[in-house]
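Have a look at final03.cif below; it lists mmCIF, C-alpha atoms.
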data_coords
#
loop_
_atom_site.label_atom_id
_atom_site.label_comp_id
_atom_site.auth_asym_id
_atom_site.auth_seq_id
_atom_site.Cartn_x
_atom_site.Cartn_y
_atom_site.Cartn_z
CA LEU Z 107 -8.22 13.25 20.71
CA LEU Z 108 -7.68 12.24 17.08
CA LEU Z 109 -5.36 15.20 16.49
CA CYS Z 110 -3.35 14.35 19.60
CA LEU Z 111 -3.02 10.77 18.43
CA LEU Z 112 -2.02 11.89 14.96
CA PHE Z 113 0.80 14.13 16.14
CA SER Z 114 1.95 11.73 18.85
CA LEU Z 115 2.57 9.20 16.08
CA GLY Z 116 4.42 11.77 13.99
CA LEU Z 117 2.18 11.03 11.01
CA ALA Z 118 0.89 14.37 9.86
CA ALA Z 119 -0.40 14.57 6.31
CA GLN Z 120 2.43 14.08 3.83
CA GLY Z 121 3.31 12.75 0.43
CA ILE Z 122 4.95 9.52 -0.66
CA GLU Z 123 7.30 7.98 1.87
CA PHE Z 124 10.15 6.30 0.00
CA PHE Z 125 11.89 3.17 1.28
CA HIS Z 126 15.62 3.61 1.85
CA GLY Z 127 16.86 0.02 2.04
CA SER Z 128 18.43 -2.11 -0.68
CA TRP Z 129 16.54 -3.56 -3.62
CA GLU Z 130 16.64 -7.01 -2.01
CA GLU Z 131 15.19 -5.54 1.18
CA ALA Z 132 12.44 -3.84 -0.82
CA LEU Z 133 11.55 -7.16 -2.46
CA ALA Z 134 11.45 -8.86 0.94
CA LYS Z 135 9.24 -6.12 2.35
CA ALA Z 136 6.87 -6.38 -0.62
CA GLN Z 137 6.61 -10.14 -0.15
CA ALA Z 138 6.01 -9.87 3.59
CA GLU Z 139 3.33 -7.19 3.18
CA GLU Z 140 1.87 -8.65 -0.03
CA LYS Z 141 2.25 -5.34 -1.85
CA LEU Z 142 3.66 -4.16 -5.13
CA ILE Z 143 6.81 -2.06 -5.25
CA PHE Z 144 6.38 1.32 -6.91
CA VAL Z 145 9.68 2.35 -8.50
CA ASP Z 146 10.35 5.87 -9.69
CA ALA Z 147 13.19 5.17 -12.13
CA TYR Z 148 14.64 8.62 -12.77
CA ALA Z 149 17.75 10.55 -13.77
CA SER Z 150 19.11 13.56 -11.94
CA TRP Z 151 19.04 15.76 -15.08
CA CYS Z 152 15.47 14.80 -16.10
CA GLY Z 153 13.06 17.77 -16.03
CA PRO Z 154 9.78 15.80 -15.73
CA CYS Z 155 11.38 13.72 -12.96
CA LYS Z 156 12.21 16.86 -11.00
CA ARG Z 157 8.70 18.26 -11.47
CA MET Z 158 7.10 15.07 -10.21
CA ALA Z 159 9.42 14.98 -7.19
CA ALA Z 160 8.63 18.61 -6.37
CA ASN Z 161 4.95 18.89 -7.25
CA VAL Z 162 3.32 15.43 -7.41
CA PHE Z 163 4.95 13.04 -4.94
CA PRO Z 164 4.51 15.46 -1.98
CA GLN Z 165 0.74 15.75 -2.48
CA LYS Z 166 -1.31 14.30 0.37
CA GLU Z 167 -3.73 12.50 -1.95
CA VAL Z 168 -0.83 10.76 -3.64
CA GLY Z 169 0.89 9.91 -0.36
CA ASP Z 170 -2.29 8.48 1.16
CA TYR Z 171 -2.75 6.03 -1.71
CA PHE Z 172 0.85 5.08 -2.36
CA ASN Z 173 1.88 4.69 1.29
CA ALA Z 174 -1.09 2.41 1.96
CA ASN Z 175 -0.71 0.22 -1.12
CA PHE Z 176 2.93 0.08 -2.20
CA VAL Z 177 6.51 -0.18 -1.06
CA ASN Z 178 7.85 3.02 -2.65
CA VAL Z 179 11.37 3.22 -4.07
CA LYS Z 180 13.28 5.95 -5.93
CA LEU Z 181 16.25 4.87 -8.06
CA ASP Z 182 18.63 7.11 -9.97
CA MET Z 183 19.16 4.83 -12.95
CA GLU Z 184 22.59 6.30 -13.74
CA LYS Z 185 24.05 5.52 -10.32
CA GLU Z 186 25.33 2.40 -8.60
CA GLU Z 187 22.25 2.28 -6.35
CA ALA Z 188 20.25 1.00 -9.36
CA ALA Z 189 22.78 -1.61 -10.53
CA GLU Z 190 20.87 -4.60 -9.17
CA PHE Z 191 17.56 -3.27 -10.47
CA ARG Z 192 19.03 -2.70 -13.96
CA GLN Z 193 20.01 -6.36 -14.23
CA LYS Z 194 16.36 -7.24 -14.85
CA HIS Z 195 14.51 -4.03 -15.65
CA SER Z 196 15.53 -1.73 -18.50
CA VAL Z 197 14.72 1.95 -18.85
CA ARG Z 198 14.75 3.77 -22.19
CA ALA Z 199 13.19 7.07 -21.08
CA PHE Z 200 12.81 9.07 -17.87
CA PRO Z 201 10.91 8.82 -15.71
CA THR Z 202 9.74 5.24 -16.05
CA LEU Z 203 7.29 4.23 -13.35
CA PHE Z 204 7.38 0.54 -12.48
CA PHE Z 205 5.06 -1.59 -10.36
CA ILE Z 206 6.87 -4.81 -9.45
CA ASN Z 207 5.83 -7.70 -7.23
CA GLY Z 208 7.86 -9.38 -4.51
CA GLU Z 209 9.13 -11.93 -7.02
CA ASN Z 210 10.83 -9.11 -8.95
CA GLU Z 211 8.29 -9.44 -11.78
CA GLU Z 212 6.94 -6.40 -13.61
CA VAL Z 213 3.18 -6.06 -13.15
CA HIS Z 214 2.65 -2.65 -14.71
CA LYS Z 215 4.75 0.16 -16.20
CA SER Z 216 4.22 3.70 -17.45
CA VAL Z 217 6.69 6.03 -19.14
CA GLY Z 218 6.74 9.80 -18.75
CA GLY Z 219 5.95 12.42 -16.14
CA LYS Z 220 2.50 12.53 -14.58
CA GLN Z 221 0.30 15.00 -12.78
CA VAL Z 222 -1.61 13.85 -9.69
CA ASP Z 223 -4.62 12.42 -11.52
CA GLY Z 224 -2.47 10.64 -14.08
CA LEU Z 225 -0.23 9.08 -11.44
CA LEU Z 226 -3.21 7.85 -9.42
CA SER Z 227 -4.75 6.41 -12.57
CA VAL Z 228 -1.57 4.46 -13.31
CA ALA Z 229 -1.45 3.23 -9.71
CA ASN Z 230 -5.08 2.10 -9.83
CA ALA Z 231 -4.36 0.13 -12.99
CA ALA Z 232 -1.45 -1.62 -11.27
CA VAL Z 233 -3.56 -2.55 -8.26
CA ALA Z 234 -6.35 -3.82 -10.52
CA LYS Z 235 -3.86 -6.21 -12.15
CA MET Z 236 -2.92 -7.53 -8.72
CA ASP Z 237 -6.49 -8.01 -7.41
CA ASP Z 238 -9.32 -9.47 -9.46
CA VAL Z 239 -12.07 -7.94 -7.33
CA ASP Z 240 -14.92 -9.27 -9.48
CA ALA Z 241 -13.70 -12.85 -9.16
CA LEU Z 242 -13.13 -12.48 -5.43
CA THR Z 243 -16.58 -10.95 -4.97
CA ALA Z 244 -18.18 -13.87 -6.80
CA ARG Z 245 -16.47 -16.30 -4.43
CA TRP Z 246 -17.57 -14.26 -1.40
CA GLU Z 247 -21.15 -14.09 -2.58
CA ALA Z 248 -21.09 -17.84 -3.17
CA GLY Z 249 -20.41 -18.26 0.55
CA GLU Z 250 -16.64 -18.70 0.81
CA ARG Z 251 -15.64 -17.51 4.29
CA GLY Z 252 -12.26 -18.97 5.19
CA SER Z 253 -10.15 -16.56 7.21
CA ALA Z 254 -7.29 -16.44 4.68
CA PHE Z 255 -9.75 -15.75 1.87
CA ALA Z 256 -11.56 -13.10 3.96
CA HIS Z 257 -8.25 -11.29 4.46
CA LYS Z 258 -7.44 -11.51 0.75
CA TYR Z 259 -10.88 -10.24 -0.29
CA ILE Z 260 -11.10 -7.40 2.22
CA ARG Z 261 -7.56 -6.30 1.38
CA ALA Z 262 -8.49 -6.24 -2.32
CA LEU Z 263 -11.56 -4.10 -1.57
CA VAL Z 264 -9.45 -1.64 0.41
CA ARG Z 265 -6.68 -1.47 -2.21
CA ASN Z 266 -9.19 -0.86 -4.97
CA GLN Z 267 -11.02 1.78 -2.92
CA GLU Z 268 -14.23 -0.25 -2.85
CA PRO Z 269 -16.65 -0.14 0.13
CA HIS Z 270 -15.39 -2.64 2.69
CA ALA Z 271 -16.74 -1.71 6.13
CA LYS Z 272 -19.97 -3.76 5.98
CA THR Z 273 -18.20 -6.81 4.58
CA THR Z 274 -15.52 -6.57 7.26
CA ASN Z 275 -17.96 -6.07 10.13
CA ASP Z 276 -20.20 -8.90 8.93
CA TYR Z 277 -17.18 -11.20 8.76
CA LEU Z 278 -15.78 -10.18 12.16
CA ARG Z 279 -19.11 -10.82 13.85
CA THR Z 280 -18.82 -14.47 12.83
CA GLN Z 281 -15.40 -14.86 14.47
CA THR Z 282 -14.91 -16.15 17.99
CA ASP Z 283 -11.16 -15.40 18.04
CA LEU Z 284 -9.89 -12.13 16.57
CA THR Z 285 -6.29 -12.86 17.54
CA THR Z 286 -5.59 -15.40 14.79
CA GLU Z 287 -3.05 -14.23 12.19
CA ASP Z 288 -5.63 -13.82 9.42
CA ASN Z 289 -8.08 -11.94 11.62
CA LEU Z 290 -5.42 -9.58 12.97
CA ASN Z 291 -4.44 -8.88 9.36
CA VAL Z 292 -8.09 -8.14 8.55
CA LEU Z 293 -8.19 -5.59 11.38
CA LEU Z 294 -4.94 -4.01 10.24
CA VAL Z 295 -5.93 -3.61 6.60
CA ALA Z 296 -9.58 -2.65 7.15
CA ALA Z 297 -9.17 -0.02 9.87
CA THR Z 298 -9.15 2.87 7.39
CA ASN Z 299 -11.25 5.27 9.47
CA ALA Z 300 -10.74 6.04 13.15
CA ASP Z 301 -14.46 6.57 13.75
CA SER Z 302 -15.37 2.90 13.31
CA ARG Z 303 -15.83 -0.37 15.17
CA ILE Z 304 -13.02 -1.91 13.12
CA PHE Z 305 -10.58 0.76 14.30
CA ASP Z 306 -11.66 0.24 17.92
CA LEU Z 307 -10.96 -3.48 17.55
CA LEU Z 308 -7.56 -2.74 16.01
CA VAL Z 309 -6.62 -0.58 18.99
CA LYS Z 310 -8.02 -3.16 21.43
CA HIS Z 311 -5.74 -5.80 19.92
CA LYS Z 312 -2.78 -3.45 19.52
CA ASP Z 313 -0.24 -5.69 21.24
CA ALA Z 314 -1.14 -8.73 19.16
CA VAL Z 315 -1.06 -6.71 15.92
CA ILE Z 316 2.35 -5.26 16.77
CA THR Z 317 3.68 -8.72 17.58
CA LEU Z 318 2.46 -9.95 14.19
CA ALA Z 319 3.13 -7.01 11.87
CA GLY Z 320 5.44 -4.70 13.79
CA LYS Z 321 5.03 -1.34 15.50
CA ASP Z 322 5.66 0.66 12.33
CA ALA Z 323 2.84 -1.10 10.44
CA PHE Z 324 0.43 -0.52 13.33
CA ASN Z 325 1.38 3.15 13.71
CA GLU Z 326 1.21 3.80 9.96
CA GLN Z 327 -2.30 2.35 9.70
CA VAL Z 328 -3.49 4.25 12.78
CA GLY Z 329 -2.04 7.45 11.37
CA ARG Z 330 -3.74 6.99 8.00
CA ALA Z 331 -7.07 6.24 9.70
CA VAL Z 332 -6.80 9.32 11.91
CA VAL Z 333 -5.94 11.55 8.95
CA ALA Z 334 -8.88 10.12 6.96
CA THR Z 335 -11.24 10.81 9.86
CA LYS Z 336 -9.89 14.30 10.48
CA ASP Z 337 -10.43 15.16 6.81
#
Turn the structure described in the file into C-alpha cells.
Amino acid sequence: LLLCLLFSLGLAAQGIEFFHGSWEEALAKAQAEEKLIFVDAYASWCGPCKRMAANVFPQKEVGDYFNANFVNVKLDMEKEEAAEFRQKHSVRAFPTLFFINGENEEVHKSVGGKQVDGLLSVANAAVAKMDDVDALTARWEAGERGSAFAHKYIRALVRNQEPHAKTTNDYLRTQTDLTTEDNLNVLLVAATNADSRIFDLLVKHKDAVITLAGKDAFNEQVGRAVVATKD
C-alpha cells in the first residue's frame, strides 16, 4: 500500500528539488513556509560546482533533508538570472552556498565544494541558527502550550532531527479541534513517518490541510513519510 501511494504521488526517492521561479517568488515561498532558502551560487565552468551537481545533490539523503527544510535555488552567478540576487549578496569564489531567510537576510554561508557529509553538516548549522531548540524546549517544559508555540517547537524538533513523535502526540491529545490553522500545520510538519498516528490524522484531515497549505505541500509531506517508512 505504501509503495502504491508513493508512486501514485510521483515521489520516488530523489535528490534536491530546485525551485524554478524568480528570486522574489523564492523569498515569498520561504516566508509562507517559514523556511530558509538554500542557494547554490555557481558558475558553469566551476569544477567543484559540477561535481556537487552530479554526485552530491542527487543523493537521496541530501534530497530528503533539503527538500523538507529549505526552498532550494540554483543560480548561475554570471548570468542575468542572478542579477537581483547579486544586488545584495556577493560571491568571491565558486560554489558559495547560502542560507537566506524570507527577508533576504543571510543566515549562514559556506564557500567551496562539499561531499554529502559536509553539505549536511553545513545545512544543520544553518537550521540550528534558525531554531534555538534548547530555549524552545525550556519553554515547553515550563508548561507553555499555546497552539502557535506548539507548532513552532515541533517544527524546530523536526528540522533539527530531534525526536518529536511523543511531544506531538501528547500535544494533539489535548486538542479538541485539529482543524485550526496551527494544529493542521502541526500535523503537516510532524507526519514524518507513514506508520504513525500523526500520519493517519494528516490523511484524515487531508482536505483541510490542502485548503490551508496546498496540494503540493500535502503530497510532498506524504511522499517523504512514505519513503521514510519504506526505508
Which residue out of Z:Glu187, Z:Glu287, Z:Glu209, Z:Asp306 has the minimum interatomic distance to Lys141 of chain Z when all atoms listed in the file are used? Z:Glu209
Explicit residue set for the PyMOL selection byres ((chain Z and resi 246) around 12), as a VMD selection string: chain Z and resid 239 to 245 247 to 253 255 to 260 263 273 to 274 276 to 277
Print the selection's residues with C-alpha atoms to a file, as a PDB file, keeping the file's coordinate frame.
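Generated file (out.pdb):
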ATOM      1  CA  VAL Z 239     -12.070  -7.940  -7.330  1.00  0.00           C
ATOM      2  CA  ASP Z 240     -14.920  -9.270  -9.480  1.00  0.00           C
ATOM      3  CA  ALA Z 241     -13.700 -12.850  -9.160  1.00  0.00           C
ATOM      4  CA  LEU Z 242     -13.130 -12.480  -5.430  1.00  0.00           C
ATOM      5  CA  THR Z 243     -16.580 -10.950  -4.970  1.00  0.00           C
ATOM      6  CA  ALA Z 244     -18.180 -13.870  -6.800  1.00  0.00           C
ATOM      7  CA  ARG Z 245     -16.470 -16.300  -4.430  1.00  0.00           C
ATOM      8  CA  GLU Z 247     -21.150 -14.090  -2.580  1.00  0.00           C
ATOM      9  CA  ALA Z 248     -21.090 -17.840  -3.170  1.00  0.00           C
ATOM     10  CA  GLY Z 249     -20.410 -18.260   0.550  1.00  0.00           C
ATOM     11  CA  GLU Z 250     -16.640 -18.700   0.810  1.00  0.00           C
ATOM     12  CA  ARG Z 251     -15.640 -17.510   4.290  1.00  0.00           C
ATOM     13  CA  GLY Z 252     -12.260 -18.970   5.190  1.00  0.00           C
ATOM     14  CA  SER Z 253     -10.150 -16.560   7.210  1.00  0.00           C
ATOM     15  CA  PHE Z 255      -9.750 -15.750   1.870  1.00  0.00           C
ATOM     16  CA  ALA Z 256     -11.560 -13.100   3.960  1.00  0.00           C
ATOM     17  CA  HIS Z 257      -8.250 -11.290   4.460  1.00  0.00           C
ATOM     18  CA  LYS Z 258      -7.440 -11.510   0.750  1.00  0.00           C
ATOM     19  CA  TYR Z 259     -10.880 -10.240  -0.290  1.00  0.00           C
ATOM     20  CA  ILE Z 260     -11.100  -7.400   2.220  1.00  0.00           C
ATOM     21  CA  LEU Z 263     -11.560  -4.100  -1.570  1.00  0.00           C
ATOM     22  CA  THR Z 273     -18.200  -6.810   4.580  1.00  0.00           C
ATOM     23  CA  THR Z 274     -15.520  -6.570   7.260  1.00  0.00           C
ATOM     24  CA  ASP Z 276     -20.200  -8.900   8.930  1.00  0.00           C
ATOM     25  CA  TYR Z 277     -17.180 -11.200   8.760  1.00  0.00           C
TER      26      TYR Z 277
END
Evaluate the PyMOL selection byres ((chain Z and resi 230) around 12) and report residues as a PyMOL selection string: chain Z and resi 142+144+168+171-172+175-176+205+214-215+223-229+231-237+262+264-268
Could you save those same residues with C-alpha atoms as a compact mmCIF listing (two decimals), in the coordinates of the input?
# COMPACT_ATOMS: atom_id res chain seq x y z
CA LEU Z 142 3.66 -4.16 -5.13
CA PHE Z 144 6.38 1.32 -6.91
CA VAL Z 168 -0.83 10.76 -3.64
CA TYR Z 171 -2.75 6.03 -1.71
CA PHE Z 172 0.85 5.08 -2.36
CA ASN Z 175 -0.71 0.22 -1.12
CA PHE Z 176 2.93 0.08 -2.20
CA PHE Z 205 5.06 -1.59 -10.36
CA HIS Z 214 2.65 -2.65 -14.71
CA LYS Z 215 4.75 0.16 -16.20
CA ASP Z 223 -4.62 12.42 -11.52
CA GLY Z 224 -2.47 10.64 -14.08
CA LEU Z 225 -0.23 9.08 -11.44
CA LEU Z 226 -3.21 7.85 -9.42
CA SER Z 227 -4.75 6.41 -12.57
CA VAL Z 228 -1.57 4.46 -13.31
CA ALA Z 229 -1.45 3.23 -9.71
CA ALA Z 231 -4.36 0.13 -12.99
CA ALA Z 232 -1.45 -1.62 -11.27
CA VAL Z 233 -3.56 -2.55 -8.26
CA ALA Z 234 -6.35 -3.82 -10.52
CA LYS Z 235 -3.86 -6.21 -12.15
CA MET Z 236 -2.92 -7.53 -8.72
CA ASP Z 237 -6.49 -8.01 -7.41
CA ALA Z 262 -8.49 -6.24 -2.32
CA VAL Z 264 -9.45 -1.64 0.41
CA ARG Z 265 -6.68 -1.47 -2.21
CA ASN Z 266 -9.19 -0.86 -4.97
CA GLN Z 267 -11.02 1.78 -2.92
CA GLU Z 268 -14.23 -0.25 -2.85
Name every residue that the PyMOL selection byres ((chain Z and resi 324) around 10) selects in this structure, writing the answer as number ranges by chain with chains first and numbers rising. Z: 294-295, 308-309, 312-313, 315-323, 325-329
Within 8 Å of Leu293 of chain Z, counting only C-alpha atoms, which residues qualify if same-chain residues fewer than 4 places away don't, as a PyMOL selection string? chain Z and resi 289+297+304-305+307-308
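For Gly169 of chain Z, the non-local neighbours within 9 Å, defined as residues at least 2 positions apart in the same chain or in other chains and counting only C-alpha atoms, are Ala119, Gln120, Gly121, Ile122, Glu123, Phe163, Pro164, Gln165, Lys166, Glu167, Tyr171, Phe172, Asn173 and Ala174 of chain Z.
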Which neighbours of Ser128 of chain Z fall inside 10 Å, counting all atoms listed in the file, when residues of the same chain fewer than 5 positions from it are skipped, and could you give them as a CSV table (one decimal) with C-alpha atoms, in the frame of the given file?
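That gives us around.csv:
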chain,number,residue,atom,x,y,z
Z,133,LEU,CA,11.6,-7.2,-2.5
Z,134,ALA,CA,11.4,-8.9,0.9
Z,179,VAL,CA,11.4,3.2,-4.1
Z,187,GLU,CA,22.2,2.3,-6.4
Z,188,ALA,CA,20.2,1.0,-9.4
Z,190,GLU,CA,20.9,-4.6,-9.2
Z,191,PHE,CA,17.6,-3.3,-10.5
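In this model, the gap between atom CA of Tyr148 of chain Z and atom CA of Glu211 of chain Z comes to 19.2 Å.
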Segment 156-173 of chain Z: axis-aligned bounding box, 5 Å on each side, centre and edge lengths in Å, one decimal, as JSON:
{"center_x": 4.2, "center_y": 11.8, "center_z": -5.1, "size_x": 25.9, "size_y": 24.2, "size_z": 22.8}
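Distances to Ala300 of chain Z were evaluated for Z:Ser216, Z:Asn161, Z:Thr335, Z:Asn210 using only C-alpha atoms, and the minimum falls at Z:Thr335.
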At a cut-off of 9 Å, using only C-alpha atoms, what residues contact Met158 of chain Z? Leave out same-chain residues fewer than 6 positions from it and give the result as a PyMOL selection string. chain Z and resi 164+219-222
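Between atom CA of Cys155 of chain Z and atom CA of Phe200 of chain Z the interatomic distance comes to 6.9 Å.
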Would you mind reading off the distance between atom CA of Asp301 of chain Z and atom CA of Ala334 of chain Z, one decimal, in Å? 9.5 Å
From Z:Arg157, Z:Arg279, Z:Gly208, Z:Ala147, residue lying nearest Lys135 of chain Z [all atoms listed in the file]: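 Among Z:Arg157, Z:Arg279, Z:Gly208, Z:Ala147, it is Z:Gly208 that comes nearest to Lys135 of chain Z.
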Step by step: start from the point (18.1, 3.6, -19.1) in the file's coordinates, keep every protein, DNA or RNA residue that has an atom no farther than 9 Å from it, count only C-alpha atoms, and write the set as an MDAnalysis selection string. chainID Z and resid 147:149 183:184 192 196:200
For those residues, write C-alpha atoms to a file as a CSV table (one decimal), in the frame of the given file.
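Final output, saved to result_24.csv:
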chain,number,residue,atom,x,y,z
Z,147,ALA,CA,13.2,5.2,-12.1
Z,148,TYR,CA,14.6,8.6,-12.8
Z,149,ALA,CA,17.8,10.6,-13.8
Z,183,MET,CA,19.2,4.8,-13.0
Z,184,GLU,CA,22.6,6.3,-13.7
Z,192,ARG,CA,19.0,-2.7,-14.0
Z,196,SER,CA,15.5,-1.7,-18.5
Z,197,VAL,CA,14.7,2.0,-18.8
Z,198,ARG,CA,14.8,3.8,-22.2
Z,199,ALA,CA,13.2,7.1,-21.1
Z,200,PHE,CA,12.8,9.1,-17.9
So which one's closest to Thr202 of chain Z, Z:Val145, Z:Gln137, Z:Val177, Z:Arg330? Using only C-alpha atoms, please.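 Residue with the minimum atom-to-atom distance to Thr202 of chain Z: Z:Val145.
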